[in-house]
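Everything below belongs to model_6.txt, which stores compact mmCIF, C-alpha atoms and all ligand atoms.
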# COMPACT_ATOMS: atom_id res chain seq x y z
CA MET A 415 0.00 0.00 0.00
CA ASP A 416 1.03 3.62 -0.59
CA SER A 417 -0.10 4.83 2.80
CA LYS A 418 -0.92 3.35 6.17
CA ILE A 419 -4.18 1.35 6.10
CA LEU A 420 -6.53 -0.26 8.57
CA ASN A 421 -5.96 -3.95 9.25
CA PHE A 422 -9.08 -4.58 7.15
CA TYR A 423 -9.07 -6.06 3.65
CA ALA A 424 -10.84 -8.52 1.38
CA PHE A 425 -9.80 -11.40 -0.88
CA ASN A 426 -11.83 -11.98 -4.06
CA SER A 427 -10.96 -14.60 -6.62
CA ALA A 428 -12.73 -15.36 -9.91
CA LYS A 429 -12.28 -15.41 -13.66
CA TYR A 430 -12.75 -11.67 -14.26
CA GLU A 431 -13.04 -9.31 -17.18
CA VAL A 432 -11.56 -5.87 -16.42
CA LYS A 433 -12.84 -2.46 -17.45
CA LYS A 434 -10.17 0.21 -17.06
CA ASP A 435 -10.21 3.97 -16.99
CA LYS A 436 -8.30 6.83 -15.35
CA TRP A 437 -9.08 9.70 -13.00
CA ASN A 438 -6.10 12.05 -12.94
CA ASP A 439 -3.19 9.71 -12.08
CA VAL A 440 -5.43 7.15 -10.38
CA ASN A 441 -6.09 3.83 -12.15
CA LEU A 442 -9.78 2.91 -12.08
CA GLU A 443 -10.69 -0.74 -12.56
CA ILE A 444 -13.90 -2.73 -12.45
CA TYR A 445 -13.47 -6.51 -12.22
CA TYR A 446 -16.69 -8.08 -13.51
CA HIS A 447 -18.28 -11.31 -14.62
CA LYS A 448 -18.46 -11.62 -18.40
CA GLY A 449 -21.96 -10.66 -19.56
CA HIS A 450 -22.53 -8.21 -16.71
CA GLU A 451 -21.54 -5.11 -18.69
CA TYR A 452 -24.93 -3.33 -18.25
CA ASN A 453 -23.98 -0.65 -15.72
CA LEU A 454 -20.18 -0.44 -15.93
CA ASP A 455 -20.36 3.10 -17.33
CA ARG A 456 -22.69 4.24 -14.52
CA MET A 457 -20.32 2.77 -11.95
CA MET A 458 -17.23 4.23 -13.60
CA SER A 459 -18.80 7.70 -13.64
CA GLY A 460 -19.79 7.21 -9.98
CA MET A 461 -16.15 6.51 -9.10
CA LYS A 462 -15.00 9.66 -10.89
CA ALA A 463 -17.76 11.86 -9.42
CA SER A 464 -17.01 10.71 -5.88
CA LEU A 465 -13.23 11.06 -6.23
CA ASP A 466 -13.85 14.58 -7.59
CA TYR A 467 -16.23 15.65 -4.83
CA ASN A 468 -14.29 14.26 -1.90
CA SER A 469 -10.87 15.40 -3.09
CA LYS A 470 -12.13 18.87 -3.99
CA ASN A 471 -13.96 19.38 -0.70
CA PHE A 472 -12.00 17.43 1.91
CA SER A 473 -8.50 16.11 1.12
CA PRO A 474 -6.51 14.28 -1.58
CA TYR A 475 -7.24 10.61 -2.39
CA GLN A 476 -4.60 8.44 -0.71
CA HIS A 477 -4.11 5.59 -3.20
CA LYS A 478 -2.83 5.01 -6.77
CA GLN A 479 -5.85 2.96 -7.77
CA ALA A 480 -9.50 2.35 -6.99
CA ARG A 481 -11.07 -1.03 -7.74
CA ILE A 482 -14.58 -2.41 -7.78
CA ILE A 483 -14.77 -6.22 -7.69
CA GLU A 484 -17.97 -8.11 -8.44
CA PHE A 485 -19.12 -11.00 -6.28
CA PRO A 486 -22.23 -13.22 -6.63
CA ARG A 487 -25.40 -12.31 -4.79
CA THR A 488 -25.45 -15.76 -3.21
CA SER A 489 -22.86 -14.15 -0.89
CA GLY A 490 -25.05 -11.12 -0.16
CA THR A 491 -26.43 -7.97 -1.74
CA PHE A 492 -24.15 -5.24 -0.47
CA ALA A 493 -20.95 -3.41 -1.31
CA GLN A 494 -18.17 -2.70 1.17
CA SER A 495 -15.26 -0.34 1.01
CA PHE A 496 -11.81 -1.63 1.94
CA PRO A 497 -8.69 0.45 1.27
CA ASN A 498 -8.84 1.18 -2.51
CA THR A 499 -10.81 -2.03 -3.04
CA ILE A 500 -14.60 -2.37 -3.11
CA PRO A 501 -16.21 -5.82 -3.30
CA PHE A 502 -19.61 -5.12 -4.90
CA SER A 503 -22.47 -7.61 -5.19
CA GLU A 504 -23.91 -8.31 -8.64
CA GLY A 505 -27.28 -7.76 -6.91
CA VAL A 506 -26.79 -4.05 -6.07
CA GLY A 507 -25.56 -2.73 -9.39
CA PHE A 508 -24.11 -5.05 -12.02
CA ILE A 509 -27.38 -6.67 -13.13
CA ALA A 510 -29.71 -3.79 -12.21
CA ASP A 511 -32.20 -2.67 -14.84
CA VAL A 512 -32.22 1.02 -13.96
CA ASP A 513 -35.49 2.77 -14.78
CA ASP A 514 -35.57 6.03 -16.65
CA THR A 515 -34.13 8.44 -14.07
CA GLU A 516 -35.98 11.39 -15.62
CA LYS A 517 -39.27 9.65 -14.81
CA GLY A 518 -38.51 8.99 -11.16
CA GLY A 519 -36.14 6.00 -11.26
CA VAL A 520 -33.05 6.03 -9.07
CA ASP A 521 -29.66 5.21 -10.60
CA TYR A 522 -28.52 3.15 -7.65
CA PRO A 523 -25.45 1.54 -9.27
CA PHE A 524 -24.15 5.13 -9.54
CA ALA A 525 -25.33 6.25 -6.08
CA ILE A 526 -23.92 3.19 -4.28
CA THR A 527 -20.58 3.59 -6.06
CA VAL A 528 -20.36 7.24 -4.95
CA HIS A 529 -21.12 6.15 -1.35
CA GLU A 530 -18.49 3.38 -1.32
CA ILE A 531 -15.74 5.57 -2.79
CA ALA A 532 -16.59 8.26 -0.19
CA HIS A 533 -15.67 5.69 2.51
CA GLN A 534 -12.03 6.05 1.37
CA TRP A 535 -12.29 9.33 3.27
CA TRP A 536 -15.08 8.54 5.73
CA ALA A 537 -13.79 5.35 7.38
CA HIS A 538 -10.29 5.10 5.95
CA GLN A 539 -8.98 8.65 6.50
CA VAL A 540 -11.31 9.58 9.34
CA ILE A 541 -11.40 6.57 11.64
CA GLY A 542 -13.97 6.79 14.41
CA ALA A 543 -13.44 5.40 17.90
CA ASP A 544 -15.62 2.38 18.69
CA VAL A 545 -18.16 4.37 20.74
CA LEU A 546 -21.76 5.64 20.34
CA GLY A 547 -22.16 7.78 17.23
CA ALA A 548 -19.18 6.26 15.38
CA THR A 549 -21.25 5.45 12.29
CA MET A 550 -22.16 9.12 11.87
CA LEU A 551 -18.51 9.67 10.87
CA SER A 552 -18.55 6.90 8.27
CA GLU A 553 -22.04 6.05 6.98
CA SER A 554 -23.82 9.39 7.39
CA LEU A 555 -20.96 11.26 5.71
CA SER A 556 -20.65 8.77 2.82
CA GLU A 557 -24.40 8.99 2.25
CA TYR A 558 -24.26 12.80 2.46
CA VAL A 559 -21.62 12.83 -0.28
CA SER A 560 -23.85 10.59 -2.38
CA LEU A 561 -26.80 13.04 -2.02
CA LYS A 562 -24.60 16.06 -2.85
CA VAL A 563 -23.20 14.38 -5.97
CA LEU A 564 -26.77 13.54 -7.06
CA GLU A 565 -27.78 17.15 -6.42
CA HIS A 566 -24.93 18.50 -8.54
CA GLN A 567 -25.86 16.07 -11.31
CA HIS A 568 -29.64 16.38 -11.34
CA GLY A 569 -30.28 19.83 -9.81
CA LYS A 570 -31.71 20.83 -6.43
CA ASP A 571 -35.30 20.56 -7.66
CA LYS A 572 -34.86 16.82 -8.34
CA MET A 573 -33.76 16.05 -4.78
CA ARG A 574 -37.22 15.64 -3.28
CA LYS A 575 -37.55 12.02 -4.38
CA PHE A 576 -34.26 11.08 -2.68
CA LEU A 577 -34.97 13.10 0.47
CA LYS A 578 -38.56 11.88 0.77
CA LYS A 579 -37.46 8.27 0.41
CA SER A 580 -34.86 8.67 3.17
CA LEU A 581 -37.42 10.45 5.35
CA ASP A 582 -40.15 7.85 4.86
CA ASP A 583 -37.68 4.99 5.47
CA TYR A 584 -36.44 6.66 8.66
CA LEU A 585 -39.99 7.22 9.95
CA THR A 586 -41.07 3.65 9.18
CA GLN A 587 -38.01 1.82 10.44
CA ARG A 588 -37.83 3.69 13.76
CA THR A 589 -41.27 2.31 14.63
CA PHE A 590 -39.73 -1.18 14.72
CA GLU A 591 -37.04 -0.15 17.22
CA LYS A 592 -36.95 -2.61 20.13
CA LYS A 593 -34.11 -1.24 22.22
CA ARG A 594 -33.79 2.54 22.12
CA GLU A 595 -33.36 5.34 19.61
CA LYS A 596 -30.68 7.84 20.49
CA SER A 597 -29.79 11.10 18.77
CA LEU A 598 -27.69 10.97 15.60
CA MET A 599 -24.40 11.86 17.29
CA TYR A 600 -24.84 9.22 20.01
CA ASN A 601 -26.61 6.57 17.92
CA ASP A 602 -26.15 2.83 18.56
CA GLY A 603 -25.46 2.11 14.89
CA GLN A 604 -28.98 1.36 13.62
CA GLY A 605 -29.24 1.64 9.84
CA TYR A 606 -32.23 4.00 9.89
CA ILE A 607 -30.26 6.51 11.97
CA ARG A 608 -26.83 6.29 10.39
CA TYR A 609 -28.02 6.20 6.76
CA GLN A 610 -31.46 7.76 6.49
CA LYS A 611 -31.48 10.29 9.31
CA GLY A 612 -27.75 10.98 8.97
CA SER A 613 -27.89 11.81 5.28
CA LEU A 614 -31.01 13.98 5.71
CA VAL A 615 -29.38 15.93 8.53
CA PHE A 616 -26.13 16.63 6.68
CA TYR A 617 -28.01 17.49 3.49
CA ALA A 618 -30.31 19.91 5.34
CA LEU A 619 -27.35 21.44 7.13
CA SER A 620 -25.54 22.05 3.83
CA ASP A 621 -28.65 23.91 2.71
CA TYR A 622 -28.99 25.91 5.95
CA ILE A 623 -25.37 27.00 6.57
CA GLY A 624 -24.14 26.58 2.98
CA GLU A 625 -22.42 23.65 1.29
CA ASN A 626 -19.03 25.41 1.23
CA VAL A 627 -19.25 26.45 4.87
CA LEU A 628 -20.13 22.93 6.01
CA ASN A 629 -17.52 21.29 3.79
CA ASP A 630 -14.80 23.72 4.90
CA ALA A 631 -15.54 22.81 8.52
CA LEU A 632 -15.34 19.12 7.59
CA LYS A 633 -12.09 19.80 5.73
CA GLN A 634 -10.53 21.32 8.85
CA TYR A 635 -11.75 18.32 10.82
CA VAL A 636 -10.27 15.83 8.31
CA LYS A 637 -6.97 17.70 8.42
CA LYS A 638 -6.92 17.42 12.20
CA VAL A 639 -7.81 13.73 12.56
CA GLN A 640 -6.87 11.90 9.30
CA PHE A 641 -4.90 8.65 9.63
CA GLN A 642 -4.93 9.06 13.39
CA ASP A 643 -3.73 6.43 15.87
CA ALA A 644 -5.67 5.66 19.06
CA PRO A 645 -7.30 7.44 20.80
CA TYR A 646 -9.50 7.88 17.73
CA THR A 647 -11.84 10.74 17.02
CA THR A 648 -15.55 10.81 17.99
CA SER A 649 -18.70 12.53 16.75
CA ILE A 650 -18.29 15.19 19.48
CA ASP A 651 -15.16 16.51 17.78
CA MET A 652 -16.89 16.66 14.39
CA VAL A 653 -20.01 18.40 15.75
CA ASN A 654 -17.80 20.97 17.53
CA HIS A 655 -16.18 21.83 14.19
CA ILE A 656 -19.66 22.29 12.68
CA LYS A 657 -20.91 24.38 15.63
CA ALA A 658 -17.95 26.72 15.22
CA VAL A 659 -19.07 27.74 11.71
CA THR A 660 -22.81 27.87 12.40
CA PRO A 661 -24.29 31.34 13.04
CA ASP A 662 -26.04 31.97 16.39
CA SER A 663 -29.43 32.12 14.67
CA LEU A 664 -29.05 28.49 13.49
CA GLN A 665 -27.47 26.88 16.55
CA TYR A 666 -30.94 25.52 17.37
CA ALA A 667 -30.63 23.33 14.26
CA ILE A 668 -27.46 21.67 15.59
CA ASN A 669 -29.32 20.85 18.80
CA ASP A 670 -32.33 19.50 16.85
CA MET A 671 -30.37 17.53 14.27
CA PHE A 672 -27.44 16.06 16.20
CA GLU A 673 -28.06 16.24 19.94
CA THR A 674 -31.77 15.39 20.23
CA ILE A 675 -34.48 13.50 18.39
CA THR A 676 -36.58 16.34 17.00
CA LEU A 677 -39.43 16.00 14.52
CA TYR A 678 -41.52 18.64 12.81
CA GLU A 679 -45.23 18.62 12.08
CA ASN A 680 -45.44 21.21 9.33
CA ARG A 681 -48.46 21.53 7.06
CA ILE A 682 -50.31 23.83 4.69
CA LYS A 683 -53.76 24.68 6.08
CA GLU A 684 -55.29 27.00 3.52
CA VAL A 685 -54.22 28.70 0.31
CA THR A 686 -55.97 31.18 -1.93
CA SER A 687 -54.62 32.59 -5.17
CA THR A 688 -55.91 35.90 -6.53
CA ALA A 689 -55.17 37.23 -10.01
CA LEU A 690 -54.15 40.90 -9.73
CA ASP A 691 -54.83 43.64 -12.27
CA ASN A 692 -51.14 43.91 -13.17
CA GLY A 693 -51.03 40.24 -14.29
CA LYS A 694 -49.40 39.00 -11.10
CA TYR A 695 -50.86 36.64 -8.53
CA GLN A 696 -51.26 37.09 -4.80
CA LEU A 697 -51.12 34.02 -2.60
CA ASP A 698 -52.51 34.03 0.91
CA ILE A 699 -51.08 31.05 2.70
CA GLU A 700 -52.00 29.68 6.12
CA PHE A 701 -49.66 27.08 7.52
CA GLU A 702 -48.64 25.40 10.74
CA VAL A 703 -45.12 24.84 12.03
CA SER A 704 -44.50 22.82 15.15
CA LYS A 705 -41.91 20.44 16.42
CA TYR A 706 -41.61 17.92 19.20
CA ARG A 707 -38.94 15.74 20.71
CA ASN A 708 -38.83 12.03 21.45
CA ASP A 709 -36.96 10.43 24.30
CA GLU A 710 -35.15 7.19 23.58
CA LYS A 711 -38.29 5.13 24.21
CA GLY A 712 -40.33 7.24 21.78
CA LYS A 713 -42.16 9.34 24.38
CA LYS A 714 -43.18 12.76 23.03
CA PHE A 715 -42.21 16.00 24.80
CA TYR A 716 -42.09 19.68 23.94
CA GLY A 717 -39.13 21.18 25.73
CA ASP A 718 -38.80 22.03 29.37
CA THR A 719 -39.57 25.65 30.14
CA LEU A 720 -42.56 26.23 32.42
CA SER A 721 -43.54 29.52 30.84
CA TYR A 722 -43.88 27.80 27.53
CA LYS A 723 -46.09 25.07 28.96
CA THR A 724 -48.62 27.67 30.07
CA GLU A 725 -48.52 29.31 26.67
CA ALA A 726 -48.88 25.95 24.94
CA MET A 727 -51.95 24.98 26.97
CA ARG A 728 -53.96 27.65 25.18
CA LYS A 729 -53.16 26.27 21.77
CA PRO A 730 -54.69 23.36 19.89
CA ILE A 731 -51.24 21.90 19.25
CA TYR A 732 -47.99 22.26 21.09
CA SER A 733 -44.45 22.90 19.95
CA VAL A 734 -40.91 23.18 21.21
CA PRO A 735 -40.36 26.99 21.29
CA LEU A 736 -39.76 28.18 17.72
CA ALA A 737 -37.28 30.59 16.18
CA ASP A 738 -36.86 28.43 13.12
CA TYR A 739 -36.09 29.13 9.48
CA ILE A 740 -38.43 27.21 7.19
CA ASP A 741 -38.64 27.15 3.38
CA ILE A 742 -41.82 28.45 1.80
CA GLY A 743 -42.11 27.50 -1.87
CA ILE A 744 -44.48 28.35 -4.70
CA PHE A 745 -44.48 26.35 -7.91
CA THR A 746 -45.96 26.18 -11.37
CA GLU A 747 -45.62 23.70 -14.22
CA GLU A 748 -44.46 24.04 -17.79
CA GLU A 749 -44.61 21.59 -20.62
CA ASP A 750 -41.06 20.45 -21.36
CA GLY A 751 -41.55 19.95 -25.10
CA GLU A 752 -41.76 16.15 -24.82
CA GLY A 753 -45.27 16.03 -23.40
CA GLU A 754 -44.11 15.95 -19.79
CA ASN A 755 -44.88 18.60 -17.17
CA LYS A 756 -41.84 20.10 -15.49
CA GLU A 757 -42.10 21.82 -12.12
CA ILE A 758 -40.92 25.45 -12.05
CA GLU A 759 -40.01 27.24 -8.84
CA LEU A 760 -41.67 30.68 -8.69
CA TYR A 761 -40.60 31.43 -5.14
CA LEU A 762 -38.42 29.71 -2.53
CA LYS A 763 -37.27 31.47 0.59
CA LYS A 764 -36.63 30.69 4.24
CA HIS A 765 -38.97 32.51 6.62
CA LYS A 766 -38.25 32.97 10.30
CA ILE A 767 -41.09 31.28 12.17
CA THR A 768 -41.85 31.94 15.83
CA GLU A 769 -45.52 30.87 15.99
CA ILE A 770 -47.35 27.63 15.33
CA ASN A 771 -50.06 29.34 13.25
CA ASN A 772 -48.84 31.51 10.41
CA LYS A 773 -50.40 33.59 7.66
CA ILE A 774 -48.38 35.20 4.88
CA SER A 775 -49.03 36.85 1.53
CA ILE A 776 -46.63 36.52 -1.38
CA ILE A 777 -46.91 37.94 -4.89
CA VAL A 778 -45.54 35.97 -7.84
CA ASN A 779 -45.29 36.73 -11.55
CA GLN A 780 -46.95 33.61 -12.98
CA GLU A 781 -50.06 31.62 -12.19
CA PRO A 782 -49.08 29.19 -9.42
CA ILE A 783 -50.34 25.63 -9.11
CA GLU A 784 -48.71 24.39 -5.89
CA VAL A 785 -47.58 25.80 -2.55
CA GLY A 786 -45.45 24.22 0.13
CA VAL A 787 -43.98 24.61 3.59
CA ASP A 788 -40.59 22.87 3.61
CA PRO A 789 -41.66 21.67 0.14
CA TYR A 790 -38.50 19.66 -0.59
CA ASN A 791 -38.70 17.72 2.69
CA LYS A 792 -35.33 18.83 3.96
CA LEU A 793 -36.54 18.61 7.55
CA ILE A 794 -37.55 15.56 9.52
CA ASP A 795 -41.33 15.83 9.44
CA THR A 796 -43.80 13.24 10.79
CA ASN A 797 -46.07 13.60 7.77
CA SER A 798 -44.37 14.92 4.65
CA ASN A 799 -47.43 14.49 2.44
CA ASP A 800 -49.27 17.54 3.85
CA ASN A 801 -46.34 19.91 3.23
CA ARG A 802 -47.60 20.74 -0.25
CA ARG A 803 -51.03 21.80 -1.45
CA ARG A 804 -52.21 22.01 -5.05
CA LEU A 805 -54.34 24.97 -5.90
ZN ZN B 1 -21.34 2.62 3.79
Go through the file and emit its structure as structure tokens.
Ligand SMILES: [Zn+2]
Amino acid sequence: MDSKILNFYAFNSAKYEVKKDKWNDVNLEIYYHKGHEYNLDRMMSGMKASLDYNSKNFSPYQHKQARIIEFPRTSGTFAQSFPNTIPFSEGVGFIADVDDTEKGGVDYPFAITVHEIAHQWWAHQVIGADVLGATMLSESLSEYVSLKVLEHQHGKDKMRKFLKKSLDDYLTQRTFEKKREKSLMYNDGQGYIRYQKGSLVFYALSDYIGENVLNDALKQYVKKVQFQDAPYTTSIDMVNHIKAVTPDSLQYAINDMFETITLYENRIKEVTSTALDNGKYQLDIEFEVSKYRNDEKGKKFYGDTLSYKTEAMRKPIYSVPLADYIDIGIFTEEEDGEGENKEIELYLKKHKITEINNKISIIVNQEPIEVGVDPYNKLIDTNSNDNRRRL
């Protein structure tokens, strides 16, 4: 090896065909079973996209090659990242029949490849101590990179399907928890926390504080801890780096996302659209914003200040005290020339919300057809289906 590695490696042996390519000076190779050529190009472009994103944002790649090696699905349907070597099941990419991604299909051979390559940083450069929250440093970050690469490829407006899937999977799988659910930064390693919640949280944070701001903080963190010997780094160190670059007005989000289990209940209540004389449209939107916390057994609570309790008693629903920034979006549709309707954003802005019940008026230039509160499902919301309302 060209640099120090973990005592962690795989042996794969078979009669392989090899597809070769290059990324800068790095040799890229996919070892595959003859006849399984379907998605080699998707996987090769996933390797390049991930090497690009991670090296640009965090630190240089540490090896002279990167290799994907196919294995039969009789041995499992997963991929795993060892130093510069990624055993990859035929069942999670090689024989996939990827649906048309423009019509809602997910190119998972590409997305999984991006995730596994990201582990060369997030597991092999940053090595977490074997304590609570360790998988936030590896799995959540690799999945975050996968979402960001998809965003750069498809555009922000296409992210809802990925975010909503992660959100719905998180919400469903946590209901089967038998032991306890802890916050992201102290999680016990459950998949629904480290993958689904973790990727949603880092994605939302990149939107709230800015992708460059978040990635620069992570870059400083990588620089500090990469290729460390024991004692290894923990999630506390990473979260402290993130806190340091987060403005005071958004520190609440760090508490909600990393330190507690916080869920929103945001919904559109009423919308009216009025055509104005000048050709514009006025939207009067009524919406609710509230959030609650869960303890590790799933018991609901709303914060701990007495004064708030009294205030909350007068209201139909309760909330943890709010000073939150929430996206309000207004959309229309246009025909894309191929008979498909394409969503167009007329308005998207974060509003500071301090009350559960809200009423705002916004004027847009075109006739709107849909309105939403947190319309892209960036936040963890118990019911994401009532965040949008068609007019
Ligand atoms: Zn992983």
Nearest candidate to ligand ZN 1 (chain B) (options A:His450, A:Arg608, A:Arg594, A:Lys562; using all atoms listed in the file): A:Arg608
Got a sec to check which residues lie within 9 Å of ligand ZN 1 (chain B), using all atoms listed in the file, and send them as a PyMOL selection string? chain A and resi 493-495+526+529-530+532-533+536-537+549+552-557+609
Box for segment 687-700 of chain A - axis-aligned, 6 Å on each of the six sides, all listed atoms - centre and size in Å to one decimal, as AutoDock Vina command-line options.
--center_x -52.7 --center_y 36.8 --center_z -4.1 --size_x 18.5 --size_y 26.2 --size_z 32.4
For atom CA of Lys596 of chain A and atom CA of Gln640 of chain A, the interatomic separation in Å (one decimal):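 One can read the atom CA of Lys596 of chain A to atom CA of Gln640 of chain A distance as 26.6 Å.
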What lies within 10 Å of Gly507 of chain A using all atoms listed in the file, ignoring chain neighbours under 5 positions off, as JSON, numbers by chain? {"A": [450, 452, 453, 454, 456, 457, 484, 491, 492, 493, 502, 512, 521, 522, 523, 524, 525, 526, 527]}
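For the point (-54.2, 37.3, -11.6), the residues with at least one atom inside 12 Å, counting only C-alpha atoms, are Thr686, Ser687, Thr688, Ala689, Leu690, Asp691, Asn692, Gly693, Lys694, Tyr695, Gln696, Leu697, Ile777, Val778, Asn779, Gln780, Glu781 and Pro782 of chain A.
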Selected residue of minimal separation from Gln479 of chain A among A:Ser427, A:Gln534, A:Asn755, A:Ser733, counting only C-alpha atoms: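 The shortest atom-to-atom distance to Gln479 of chain A comes from A:Gln534.
Comparing A:Gly624, A:Gly712, A:Pro501, A:Pro645 by their smallest distance to Val659 of chain A, the closest is A:Gly624 (using only C-alpha atoms).
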Shell around segment 667-676 of chain A at 8 Å using all atoms listed in the file, local window under 3 positions removed, as a VMD selection string: chain A and resid 596 to 600 615 653 657 664 705 to 709 794
A straight line from atom CA of Pro661 of chain A to atom CA of Thr768 of chain A spans 17.8 Å
If you measure from atom CA of Ile774 of chain A to atom CA of Glu684 of chain A, what distance in Å do you get, rounded to one decimal?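 Going from atom CA of Ile774 of chain A over to atom CA of Glu684 of chain A, I get 10.8 Å.
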List the spatial neighbours of Ile483 of chain A as a ChimeraX atom specification - criterion: any atom at most 9 Å away, all atoms listed in the file, same-chain residues fewer than 4 positions off excluded. /A:426,430,443-446,499-503
Residue nearest Glu591 of chain A - candidates A:Glu710, A:Asp630, A:Leu551, A:Ile623, atoms counted: only C-alpha atoms: A:Glu710
From A:Ser663, A:Ser464, A:Asn801, A:Asn438, residue lying nearest Ser560 of chain A [all atoms listed in the file]: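 So, comparing all the options, the nearest one is A:Ser464.
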Counting all atoms listed in the file, the option among A:Gly612, A:Gly490, A:Gly753, A:Pro735 closest to Leu581 of chain A: A:Gly612
Which residues, protein or nucleic acid, reach to within 6 Å of (-23.9, -9.9, -7.8) in the file's coordinates when using only C-alpha atoms, and can you give that as a VMD selection string? chain A and resid 485 to 487 503 to 505
If you count all atoms listed in the file, which residues fall within 9 Å of Ile656 of chain A, apart from same-chain ones fewer than 2 positions away, as a list in words?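 That gives Val627, Leu628, Ala631, Leu632, Asp651, Met652, Val653, Asn654, Ala658, Val659, Thr660 and Ile668 of chain A.
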Could you pull segment 695-700 of chain A out of the block above and give me all heavy atoms, as a compact mmCIF listing (two decimals), in the first residue's frame?
# COMPACT_ATOMS: atom_id res chain seq x y z
N TYR A 695 -49.95 37.42 -9.38
CA TYR A 695 -50.86 36.64 -8.53
C TYR A 695 -50.49 36.80 -7.06
O TYR A 695 -49.31 36.76 -6.71
CB TYR A 695 -50.78 35.15 -8.89
CG TYR A 695 -51.38 34.86 -10.25
CD1 TYR A 695 -50.64 35.07 -11.40
CD2 TYR A 695 -52.69 34.42 -10.36
CE1 TYR A 695 -51.18 34.84 -12.66
CE2 TYR A 695 -53.26 34.18 -11.61
CZ TYR A 695 -52.50 34.40 -12.76
OH TYR A 695 -53.04 34.17 -14.00
N GLN A 696 -51.50 37.01 -6.23
CA GLN A 696 -51.26 37.09 -4.80
C GLN A 696 -51.72 35.81 -4.12
O GLN A 696 -52.84 35.34 -4.32
CB GLN A 696 -52.02 38.28 -4.18
CG GLN A 696 -51.79 38.33 -2.66
CD GLN A 696 -52.43 39.54 -2.01
OE1 GLN A 696 -52.50 40.62 -2.62
NE2 GLN A 696 -52.89 39.37 -0.79
N LEU A 697 -50.80 35.24 -3.33
CA LEU A 697 -51.12 34.02 -2.60
C LEU A 697 -51.23 34.33 -1.12
O LEU A 697 -50.33 34.93 -0.54
CB LEU A 697 -50.00 32.99 -2.80
CG LEU A 697 -50.08 32.38 -4.18
CD1 LEU A 697 -48.71 32.16 -4.73
CD2 LEU A 697 -50.88 31.11 -4.13
N ASP A 698 -52.36 33.94 -0.53
CA ASP A 698 -52.51 34.03 0.91
C ASP A 698 -52.42 32.62 1.46
O ASP A 698 -53.24 31.76 1.13
CB ASP A 698 -53.85 34.69 1.25
CG ASP A 698 -53.89 36.13 0.72
OD1 ASP A 698 -53.09 36.95 1.20
OD2 ASP A 698 -54.68 36.40 -0.20
N ILE A 699 -51.40 32.42 2.25
CA ILE A 699 -51.08 31.05 2.70
C ILE A 699 -51.19 30.97 4.22
O ILE A 699 -50.60 31.77 4.94
CB ILE A 699 -49.62 30.67 2.30
CG1 ILE A 699 -49.39 30.96 0.81
CG2 ILE A 699 -49.33 29.21 2.63
CD1 ILE A 699 -47.93 30.92 0.40
N GLU A 700 -51.95 29.99 4.69
CA GLU A 700 -52.00 29.68 6.12
C GLU A 700 -51.30 28.36 6.33
O GLU A 700 -51.58 27.38 5.64
CB GLU A 700 -53.45 29.55 6.59
CG GLU A 700 -54.12 30.87 6.90
CD GLU A 700 -55.53 30.62 7.44
OE1 GLU A 700 -55.65 29.97 8.50
OE2 GLU A 700 -56.48 31.04 6.76
